[in-house]
>>> print(open('upload_10.tsv').read())   # TSV, C-alpha atoms (C1' of nucleotides)
chain	number	residue	atom	x	y	z
A	1	MET	CA	-36.42	151.94	-42.54
A	2	ASP	CA	-38.24	152.99	-45.68
A	3	ASN	CA	-41.29	150.82	-46.28
A	4	GLU	CA	-40.56	150.35	-49.99
A	5	LYS	CA	-37.09	149.13	-49.09
A	6	ILE	CA	-38.62	146.66	-46.62
A	7	LYS	CA	-41.00	145.33	-49.26
A	8	GLU	CA	-38.09	144.82	-51.60
A	9	ILE	CA	-36.16	142.87	-48.99
A	10	VAL	CA	-39.04	140.62	-47.99
A	11	LYS	CA	-39.76	139.87	-51.63
A	12	GLU	CA	-36.16	138.80	-52.07
A	13	LYS	CA	-36.37	136.63	-48.99
A	14	PHE	CA	-39.60	135.10	-50.27
A	15	THR	CA	-37.99	134.38	-53.62
A	16	GLU	CA	-35.09	132.62	-51.92
A	17	TYR	CA	-37.50	130.57	-49.85
A	18	LEU	CA	-39.60	129.58	-52.86
A	19	ALA	CA	-36.49	128.54	-54.78
A	20	LEU	CA	-35.11	126.56	-51.88
A	21	HIS	CA	-38.33	124.61	-51.54
A	22	GLY	CA	-39.06	124.26	-55.24
A	23	HIS	CA	-42.22	126.36	-55.20
A	24	ARG	CA	-43.32	128.54	-58.11
A	25	ARG	CA	-43.13	132.33	-58.11
A	26	THR	CA	-46.72	133.23	-58.88
A	27	PRO	CA	-48.05	136.80	-59.06
A	28	GLU	CA	-50.71	135.89	-56.50
A	29	ARG	CA	-48.08	135.01	-53.90
A	30	TYR	CA	-46.19	138.27	-54.39
A	31	ALA	CA	-49.39	140.30	-54.40
A	32	ILE	CA	-50.36	138.83	-51.04
A	33	LEU	CA	-46.94	139.50	-49.55
A	34	GLU	CA	-46.97	143.04	-50.94
A	35	HIS	CA	-50.42	143.64	-49.50
A	36	ILE	CA	-49.53	142.32	-46.05
A	37	TYR	CA	-46.51	144.61	-45.88
A	38	SER	CA	-48.60	147.63	-46.85
A	39	PHE	CA	-50.19	148.19	-43.47
A	40	ASP	CA	-49.48	147.75	-39.75
A	41	GLY	CA	-51.09	145.71	-37.04
A	42	HIS	CA	-52.97	142.44	-36.84
A	43	PHE	CA	-55.34	141.12	-39.47
A	44	ASP	CA	-57.39	138.01	-40.09
A	45	LEU	CA	-57.58	136.26	-43.45
A	46	GLU	CA	-61.17	137.27	-44.18
A	47	ALA	CA	-60.19	140.91	-43.78
A	48	LEU	CA	-57.15	140.36	-45.98
A	49	TYR	CA	-59.35	138.69	-48.59
A	50	GLU	CA	-61.86	141.52	-48.60
A	51	SER	CA	-59.18	144.16	-48.59
A	52	MET	CA	-57.51	142.55	-51.61
A	53	SER	CA	-60.82	141.96	-53.37
A	54	SER	CA	-61.55	145.66	-53.42
A	55	GLY	CA	-58.02	146.39	-54.57
A	56	ASP	CA	-56.22	145.94	-57.85
A	57	PHE	CA	-55.30	142.28	-57.50
A	58	ARG	CA	-58.02	139.82	-56.55
A	59	VAL	CA	-57.07	136.40	-55.21
A	60	SER	CA	-59.23	133.56	-53.97
A	61	ARG	CA	-59.59	132.62	-50.34
A	62	ALA	CA	-57.93	129.26	-51.08
A	63	THR	CA	-54.85	131.01	-52.39
A	64	ILE	CA	-54.68	133.29	-49.38
A	65	TYR	CA	-54.86	130.31	-47.05
A	66	ASN	CA	-52.22	128.47	-49.07
A	67	THR	CA	-49.87	131.43	-49.31
A	68	ILE	CA	-50.08	132.35	-45.66
A	69	GLU	CA	-48.71	128.88	-44.86
A	70	LEU	CA	-45.65	129.62	-46.97
A	71	LEU	CA	-45.19	133.04	-45.40
A	72	LEU	CA	-45.41	131.52	-41.94
A	73	ASP	CA	-42.90	128.86	-42.88
A	74	CYS	CA	-40.34	131.38	-44.11
A	75	ARG	CA	-41.02	133.58	-41.08
A	76	LEU	CA	-42.18	136.67	-42.96
A	77	VAL	CA	-45.51	136.49	-41.13
A	78	LEU	CA	-46.47	135.60	-37.57
A	79	LYS	CA	-49.66	133.88	-36.48
A	80	HIS	CA	-51.54	134.62	-33.26
A	81	GLN	CA	-54.54	133.09	-31.56
A	82	PHE	CA	-55.72	135.45	-28.90
A	83	GLY	CA	-58.48	133.26	-27.49
A	84	LYS	CA	-61.26	133.43	-30.05
A	85	ASN	CA	-61.60	130.76	-32.73
A	86	ILE	CA	-59.96	132.84	-35.36
A	87	SER	CA	-56.35	133.32	-36.26
A	88	TYR	CA	-54.68	136.69	-36.54
A	89	TYR	CA	-51.52	137.46	-38.40
A	90	GLU	CA	-48.93	140.21	-38.58
A	91	LYS	CA	-45.87	140.89	-40.67
A	92	SER	CA	-42.71	139.96	-38.84
A	93	TYR	CA	-39.80	141.43	-40.80
A	94	ASN	CA	-38.62	144.73	-39.31
A	95	ASN	CA	-41.49	144.45	-36.84
A	96	ASP	CA	-39.76	144.67	-33.50
A	97	ASN	CA	-40.39	142.08	-30.90
A	98	HIS	CA	-43.34	142.93	-28.72
A	99	HIS	CA	-45.69	141.22	-26.30
A	100	HIS	CA	-49.47	141.21	-26.33
A	101	LEU	CA	-51.90	142.39	-23.69
A	102	ILE	CA	-55.32	140.84	-24.20
A	103	CYS	CA	-58.40	142.06	-22.36
A	104	THR	CA	-60.49	139.04	-21.36
A	105	GLU	CA	-63.58	141.23	-21.16
A	106	CYS	CA	-63.66	143.06	-24.49
A	107	GLY	CA	-60.98	141.17	-26.43
A	108	ALA	CA	-58.93	144.27	-27.14
A	109	VAL	CA	-55.29	143.57	-27.95
A	110	ARG	CA	-52.52	145.99	-27.09
A	111	GLU	CA	-48.79	145.68	-27.72
A	112	ILE	CA	-45.98	146.41	-25.30
A	113	LYS	CA	-42.24	146.18	-25.53
A	114	ASP	CA	-40.02	144.95	-22.76
A	115	ASN	CA	-36.44	144.26	-23.68
A	116	ASP	CA	-35.59	142.66	-20.33
A	117	ILE	CA	-38.24	139.99	-20.82
A	118	SER	CA	-37.37	139.54	-24.49
A	119	ARG	CA	-33.68	139.14	-23.76
A	120	LEU	CA	-34.26	136.61	-21.01
A	121	ILE	CA	-36.53	134.49	-23.21
A	122	GLU	CA	-34.28	134.72	-26.25
A	123	ASN	CA	-31.19	133.72	-24.29
A	124	LYS	CA	-32.88	130.76	-22.65
A	125	LYS	CA	-31.01	127.56	-23.47
A	126	ILE	CA	-33.24	124.55	-23.87
A	127	SER	CA	-32.04	120.99	-24.24
A	128	ARG	CA	-33.33	118.94	-27.18
A	129	PHE	CA	-35.24	121.90	-28.67
A	130	LYS	CA	-34.25	124.60	-31.16
A	131	PRO	CA	-36.33	127.70	-30.42
A	132	VAL	CA	-37.19	129.83	-33.45
A	133	HIS	CA	-39.63	132.41	-32.11
A	134	TYR	CA	-41.99	132.89	-29.22
A	135	SER	CA	-45.23	134.59	-28.22
A	136	LEU	CA	-46.00	136.07	-24.85
A	137	TYR	CA	-49.66	136.78	-24.18
A	138	MET	CA	-50.68	138.58	-21.01
A	139	TYR	CA	-54.37	138.26	-20.21
A	140	GLY	CA	-56.12	140.70	-17.95
A	141	VAL	CA	-58.57	143.55	-17.82
A	142	CYS	CA	-58.06	146.78	-19.69
A	143	ASN	CA	-58.75	150.15	-18.18
A	144	LYS	CA	-62.03	150.60	-19.97
A	145	CYS	CA	-63.47	147.27	-18.79
A	146	SER	CA	-62.05	147.50	-15.30
A	147	SER	CA	-64.80	149.65	-13.84
A	148	THR	CA	-67.56	147.96	-15.80
A	149	LYS	CA	-66.67	144.51	-14.48
A	150	ASN	CA	-66.80	145.51	-10.83
A	151	LYS	CA	-70.20	147.05	-11.36
A	152	LYS	CA	-71.51	143.84	-12.90
A	153	ILE	CA	-70.47	141.64	-9.99
A	154	LYS	CA	-71.80	144.17	-7.52
A	155	ASN	CA	-75.13	144.12	-9.32
A	156	ASN	CA	-75.30	140.34	-9.13
A	157	LYS	CA	-74.71	140.49	-5.40
A	158	GLU	CA	-77.45	143.08	-4.97
A	159	ILE	CA	-79.90	140.99	-6.96
A	160	ARG	CA	-79.32	137.96	-4.78
A	161	LYS	CA	-79.96	139.77	-1.51
B	1	MET	CA	-50.46	118.13	-2.12
B	2	ASP	CA	-52.88	115.23	-1.98
B	3	ASN	CA	-55.08	115.16	-5.06
B	4	GLU	CA	-58.29	114.55	-3.12
B	5	LYS	CA	-57.53	117.59	-1.01
B	6	ILE	CA	-57.03	119.64	-4.17
B	7	LYS	CA	-60.35	118.50	-5.59
B	8	GLU	CA	-62.02	119.53	-2.37
B	9	ILE	CA	-60.49	123.00	-2.52
B	10	VAL	CA	-61.34	123.63	-6.16
B	11	LYS	CA	-64.93	122.52	-5.56
B	12	GLU	CA	-65.17	125.04	-2.75
B	13	LYS	CA	-63.73	127.74	-4.96
B	14	PHE	CA	-66.19	126.82	-7.70
B	15	THR	CA	-69.07	126.98	-5.25
B	16	GLU	CA	-68.01	130.46	-4.17
B	17	TYR	CA	-67.78	131.55	-7.78
B	18	LEU	CA	-71.21	130.17	-8.66
B	19	ALA	CA	-72.78	131.87	-5.66
B	20	LEU	CA	-71.10	135.19	-6.42
B	21	HIS	CA	-72.41	135.16	-9.96
B	22	GLY	CA	-75.82	133.70	-9.22
B	23	HIS	CA	-75.28	130.44	-11.10
B	24	ARG	CA	-76.79	127.14	-10.04
B	25	ARG	CA	-74.83	124.33	-8.47
B	26	THR	CA	-75.67	121.51	-10.84
B	27	PRO	CA	-74.25	117.97	-10.58
B	28	GLU	CA	-73.03	118.24	-14.20
B	29	ARG	CA	-70.84	121.21	-13.35
B	30	TYR	CA	-69.24	119.49	-10.41
B	31	ALA	CA	-68.80	116.25	-12.34
B	32	ILE	CA	-66.91	118.12	-15.07
B	33	LEU	CA	-64.68	119.90	-12.56
B	34	GLU	CA	-64.04	116.61	-10.74
B	35	HIS	CA	-63.16	114.90	-14.01
B	36	ILE	CA	-60.77	117.63	-15.15
B	37	TYR	CA	-58.91	117.48	-11.86
B	38	SER	CA	-58.55	113.69	-12.12
B	39	PHE	CA	-55.72	113.67	-14.63
B	40	ASP	CA	-52.69	115.73	-15.68
B	41	GLY	CA	-51.75	117.49	-18.90
B	42	HIS	CA	-53.63	119.13	-21.72
B	43	PHE	CA	-56.95	117.99	-23.11
B	44	ASP	CA	-59.47	119.13	-25.70
B	45	LEU	CA	-63.21	119.18	-25.14
B	46	GLU	CA	-63.97	116.32	-27.49
B	47	ALA	CA	-61.58	114.11	-25.51
B	48	LEU	CA	-63.15	115.29	-22.27
B	49	TYR	CA	-66.60	114.51	-23.67
B	50	GLU	CA	-65.62	111.02	-24.74
B	51	SER	CA	-63.76	110.34	-21.54
B	52	MET	CA	-66.79	111.35	-19.49
B	53	SER	CA	-69.20	109.48	-21.76
B	54	SER	CA	-67.50	106.20	-21.02
B	55	GLY	CA	-67.41	107.03	-17.33
B	56	ASP	CA	-70.07	107.08	-14.66
B	57	PHE	CA	-71.47	110.55	-15.33
B	58	ARG	CA	-72.44	111.40	-18.87
B	59	VAL	CA	-72.89	115.05	-19.86
B	60	SER	CA	-73.71	116.62	-23.20
B	61	ARG	CA	-71.23	118.47	-25.33
B	62	ALA	CA	-73.27	121.65	-24.86
B	63	THR	CA	-72.89	121.42	-21.09
B	64	ILE	CA	-69.16	120.82	-21.36
B	65	TYR	CA	-68.79	123.89	-23.54
B	66	ASN	CA	-70.93	125.94	-21.18
B	67	THR	CA	-69.19	124.76	-18.04
B	68	ILE	CA	-65.68	125.26	-19.37
B	69	GLU	CA	-66.53	128.95	-19.81
B	70	LEU	CA	-67.37	129.18	-16.12
B	71	LEU	CA	-64.20	127.33	-15.14
B	72	LEU	CA	-62.12	129.65	-17.27
B	73	ASP	CA	-63.82	132.66	-15.76
B	74	CYS	CA	-63.08	131.57	-12.21
B	75	ARG	CA	-59.52	130.62	-13.19
B	76	LEU	CA	-59.74	126.94	-12.28
B	77	VAL	CA	-58.91	126.02	-15.87
B	78	LEU	CA	-56.55	127.53	-18.46
B	79	LYS	CA	-57.09	127.62	-22.19
B	80	HIS	CA	-54.37	127.24	-24.81
B	81	GLN	CA	-54.26	127.48	-28.58
B	82	PHE	CA	-51.02	126.01	-29.78
B	83	GLY	CA	-51.43	126.82	-33.46
B	84	LYS	CA	-54.00	124.35	-34.69
B	85	ASN	CA	-57.67	125.31	-34.84
B	86	ILE	CA	-58.55	123.56	-31.66
B	87	SER	CA	-58.44	124.71	-28.09
B	88	TYR	CA	-56.65	122.83	-25.36
B	89	TYR	CA	-57.23	123.18	-21.67
B	90	GLU	CA	-55.49	122.31	-18.43
B	91	LYS	CA	-56.34	122.58	-14.77
B	92	SER	CA	-54.68	125.61	-13.21
B	93	TYR	CA	-55.03	125.22	-9.44
B	94	ASN	CA	-51.88	123.78	-7.86
B	95	ASN	CA	-50.48	123.44	-11.38
B	96	ASP	CA	-47.23	125.38	-11.16
B	97	ASN	CA	-46.53	128.02	-13.70
B	98	HIS	CA	-44.80	126.62	-16.74
B	99	HIS	CA	-44.07	127.62	-20.31
B	100	HIS	CA	-44.79	125.69	-23.48
B	101	LEU	CA	-42.40	124.48	-26.15
B	102	ILE	CA	-44.26	123.76	-29.38
B	103	CYS	CA	-42.64	121.90	-32.27
B	104	THR	CA	-43.73	123.54	-35.51
B	105	GLU	CA	-42.99	120.31	-37.39
B	106	CYS	CA	-44.89	117.67	-35.46
B	107	GLY	CA	-46.97	119.79	-33.09
B	108	ALA	CA	-45.61	118.16	-29.96
B	109	VAL	CA	-45.99	120.29	-26.84
B	110	ARG	CA	-43.52	120.13	-24.00
B	111	GLU	CA	-43.53	122.05	-20.73
B	112	ILE	CA	-40.61	123.78	-19.07
B	113	LYS	CA	-40.24	125.80	-15.93
B	114	ASP	CA	-38.14	128.91	-15.62
B	115	ASN	CA	-38.60	130.94	-12.50
B	116	ASP	CA	-36.47	133.84	-13.72
B	117	ILE	CA	-38.73	134.40	-16.73
B	118	SER	CA	-41.88	133.85	-14.65
B	119	ARG	CA	-40.79	136.31	-12.01
B	120	LEU	CA	-39.88	138.99	-14.53
B	121	ILE	CA	-43.23	138.68	-16.31
B	122	GLU	CA	-45.25	138.55	-13.10
B	123	ASN	CA	-43.55	141.63	-11.67
B	124	LYS	CA	-44.01	143.66	-14.83
B	125	LYS	CA	-45.97	146.80	-14.11
B	126	ILE	CA	-48.28	147.87	-16.90
B	127	SER	CA	-50.19	151.12	-17.05
B	128	ARG	CA	-53.93	150.98	-17.67
B	129	PHE	CA	-54.05	147.17	-17.61
B	130	LYS	CA	-54.57	144.66	-14.78
B	131	PRO	CA	-52.73	141.45	-15.71
B	132	VAL	CA	-54.34	138.26	-14.43
B	133	HIS	CA	-52.35	135.50	-16.08
B	134	TYR	CA	-50.09	134.95	-19.05
B	135	SER	CA	-48.99	132.33	-21.56
B	136	LEU	CA	-45.53	132.01	-23.03
B	137	TYR	CA	-45.28	129.83	-26.11
B	138	MET	CA	-41.88	129.05	-27.60
B	139	TYR	CA	-42.05	127.70	-31.13
B	140	GLY	CA	-39.22	125.74	-32.63
B	141	VAL	CA	-38.11	122.30	-33.71
B	142	CYS	CA	-37.92	119.37	-31.34
B	143	ASN	CA	-35.05	116.95	-31.31
B	144	LYS	CA	-36.93	114.26	-33.18
B	145	CYS	CA	-37.90	116.54	-36.08
B	146	SER	CA	-34.60	118.38	-36.21
B	147	SER	CA	-32.77	115.82	-38.32
B	148	THR	CA	-35.80	115.00	-40.47
B	149	LYS	CA	-36.29	118.62	-41.52
B	150	ASN	CA	-32.71	119.12	-42.71
B	151	LYS	CA	-32.98	115.98	-44.82
B	152	LYS	CA	-36.15	117.26	-46.46
B	153	ILE	CA	-34.64	120.58	-47.56
B	154	LYS	CA	-31.47	118.86	-48.72
B	155	ASN	CA	-33.58	116.54	-50.85
B	156	ASN	CA	-35.40	119.47	-52.43
B	157	LYS	CA	-32.10	121.03	-53.37
B	158	GLU	CA	-30.87	117.78	-54.93
B	159	ILE	CA	-34.05	117.41	-56.96
B	160	ARG	CA	-33.67	120.88	-58.44
B	161	LYS	CA	-30.09	120.39	-59.65
C	1	DA	C1'	-93.44	128.13	-9.04
C	2	DT	C1'	-89.93	130.16	-11.53
C	3	DG	C1'	-86.62	130.43	-14.75
C	4	DT	C1'	-81.81	128.65	-15.24
C	5	DA	C1'	-79.36	124.63	-17.00
C	6	DT	C1'	-79.34	120.48	-19.69
C	7	DG	C1'	-79.45	117.55	-23.96
C	8	DC	C1'	-80.26	117.09	-28.55
C	9	DA	C1'	-79.90	118.37	-33.14
C	10	DA	C1'	-79.34	121.88	-36.31
C	11	DA	C1'	-76.71	125.94	-37.53
C	12	DC	C1'	-72.52	128.42	-37.85
C	13	DC	C1'	-68.29	129.75	-39.79
C	14	DA	C1'	-63.24	129.65	-40.22
C	15	DT	C1'	-60.61	126.60	-42.58
C	16	DT	C1'	-59.69	122.63	-45.66
C	17	DT	C1'	-60.37	119.87	-49.61
C	18	DG	C1'	-61.54	118.14	-54.49
C	19	DC	C1'	-61.29	119.09	-58.99
C	20	DA	C1'	-61.19	121.37	-63.50
C	21	DA	C1'	-58.80	125.17	-65.61
C	22	DT	C1'	-54.69	128.02	-65.70
C	23	DG	C1'	-50.07	129.22	-66.23
C	24	DA	C1'	-44.92	128.95	-64.26
C	25	DC	C1'	-41.24	126.34	-65.45
D	1	DG	C1'	-45.69	119.80	-72.35
D	2	DT	C1'	-45.87	118.99	-67.46
D	3	DC	C1'	-47.58	119.44	-63.18
D	4	DA	C1'	-47.84	122.91	-59.39
D	5	DT	C1'	-51.06	126.50	-58.47
D	6	DT	C1'	-55.36	128.87	-58.78
D	7	DG	C1'	-60.41	129.57	-58.13
D	8	DC	C1'	-64.65	127.85	-57.10
D	9	DA	C1'	-67.75	125.36	-54.48
D	10	DA	C1'	-68.53	121.75	-51.44
D	11	DA	C1'	-67.02	119.47	-47.27
D	12	DT	C1'	-65.18	119.50	-42.67
D	13	DG	C1'	-65.23	119.87	-37.82
D	14	DG	C1'	-64.85	122.45	-33.61
D	15	DT	C1'	-67.98	125.41	-31.48
D	16	DT	C1'	-72.43	127.81	-30.91
D	17	DT	C1'	-77.31	128.17	-30.86
D	18	DG	C1'	-82.49	127.18	-30.46
D	19	DC	C1'	-85.75	124.96	-28.14
D	20	DA	C1'	-88.28	121.56	-25.35
D	21	DT	C1'	-87.54	119.23	-21.04
D	22	DA	C1'	-85.57	118.77	-16.44
D	23	DC	C1'	-84.43	120.37	-12.11
D	24	DA	C1'	-81.96	123.82	-8.65
D	25	DT	C1'	-83.62	127.36	-6.12
>>> encode(input="upload_10.tsv", output="structure tokens")
Amino acid sequence: MDNEKIKEIVKEKFTEYLALHGHRRTPERYAILEHIYSFDGHFDLEALYESMSSGDFRVSRATIYNTIELLLDCRLVLKHQFGKNISYYEKSYNNDNHHHLICTECGAVREIKDNDISRLIENKKISRFKPVHYSLYMYGVCNKCSSTKNKKIKNNKEIRK
Amino acid sequence: MDNEKIKEIVKEKFTEYLALHGHRRTPERYAILEHIYSFDGHFDLEALYESMSSGDFRVSRATIYNTIELLLDCRLVLKHQFGKNISYYEKSYNNDNHHHLICTECGAVREIKDNDISRLIENKKISRFKPVHYSLYMYGVCNKCSSTKNKKIKNNKEIRK
DNA sequence: ATGTATGCAAACCATTTGCAATGAC
DNA sequence: GTCATTGCAAATGGTTTGCATACAT
């Protein structure tokens, strides 16, 4: 789908959400949404802040933190915590379901799709719980780190001989 | 399995790990492992610290933070981040694979088992990545919050009429 | 004896909060 | 005009770090 069309739709959805909850439609909030839907992949809020600071609409950190809560609540943005003490986010509208591979050595995050897994999770019926969304994180060692790690352990063994 | 037997096994595994990596076998490290395997469920490190402080073996926060890294590395403990800016942990040996239901309203965390999902994820072949473990978090609304939330939105609508 | 591990306190840093000024309604 | 929202700066709090002391090897 055309990216401009997507932006239009998410803005409409945001407007509906704001109205429903009695929140004001401020230019800051729309600028943040617009900015988030202008690029792909994960981002943290400091990066978003800096990226917007150098752009044409500057907003404060406080406003970014406030607005991201609204965007999470209306499901236009997803939050991830991959292990470090920092939160990452990604747009969620028109962003197909995917799972995350996280390298425990270097922290690299890769995305994969698997419709069988997705379908099974989405169709899971749970008593006394209304599922809204889910995150599947697979931790392991990426190709790049795989050889390095074995070397390290081997070295330790050698040292102790 | 008998819990004392489990403690014995995990201590052995920890010893192997320490030897392999050239780390010392300090009483603090074993006391922390022993303590973690003395109860069920999730815990954060502040709770662990306080729990151990009132017990018979006091360790510093720094040592807890250091030791938990080792226990994560040798896979005797699992780390979770359920959305808040705090990390939770749980023992992983003899702790059957389960998934987490997280209520986005009240933050309550519930565990469920689903062998079909587990099997599908565990058997997934991924190129250029060696999976070690995974976490599946399902976010939604628990029974208790389900009615409360609808009331809230309804009230907002009424107010705006 | 050597140097890793511990304990303490200070530092760090992502996030939250308080408050005066702004502006959406 | 009212009060939610913004921006700034200070506060918070989980986690990390620096360093002197202790102790596993």
>>> interface_residues(input="upload_10.tsv", of="chain B", to="chain C", cutoff="9 Å", atoms="all atoms listed in the file", output="list in words")
His23, Arg24, Thr26, Glu28, Val59, Ser60, Arg61, Ala62, Thr63 and Asn85 of chain B
>>> interface_residues(input="upload_10.tsv", of="chain D", to="chain A", cutoff="10 Å", atoms="all atoms listed in the file", output="compact mmCIF listing (two decimals) with C-alpha atoms (C1' of nucleotides), in the frame of the given file")
# COMPACT_ATOMS: atom_id res chain seq x y z
C1' DA D 4 -47.84 122.91 -59.39
C1' DT D 5 -51.06 126.50 -58.47
C1' DT D 6 -55.36 128.87 -58.78
C1' DG D 7 -60.41 129.57 -58.13
C1' DC D 8 -64.65 127.85 -57.10
C1' DG D 14 -64.85 122.45 -33.61
C1' DT D 15 -67.98 125.41 -31.48
>>> interface_residues(input="upload_10.tsv", of="chain B", to="chain A", cutoff="10 Å", atoms="all atoms listed in the file", output="ChimeraX atom specification")
/B:19-22,73,79-87,99-104,110,112,114,116-122,124,126-146,152-157,159-160
>>> atom_distance(input="upload_10.tsv", atom1="CA of His35 in chain A", atom2="CA of Met52 in chain A")
7.5 Å
>>> atom_distance(input="upload_10.tsv", atom1="CA of Arg58 in chain A", atom2="CA of Tyr30 in chain A")
12.1 Å
>>> atom_distance(input="upload_10.tsv", atom1="CA of Leu33 in chain A", atom2="CA of Ser54 in chain A")
16.3 Å
>>> axis_aligned_box(input="upload_10.tsv", around="range 65-75 of chain B", padding_each_side="8 Å", output="JSON")
{"center_x": -65.2, "center_y": 128.3, "center_z": -17.9, "size_x": 27.4, "size_y": 24.8, "size_z": 27.3}
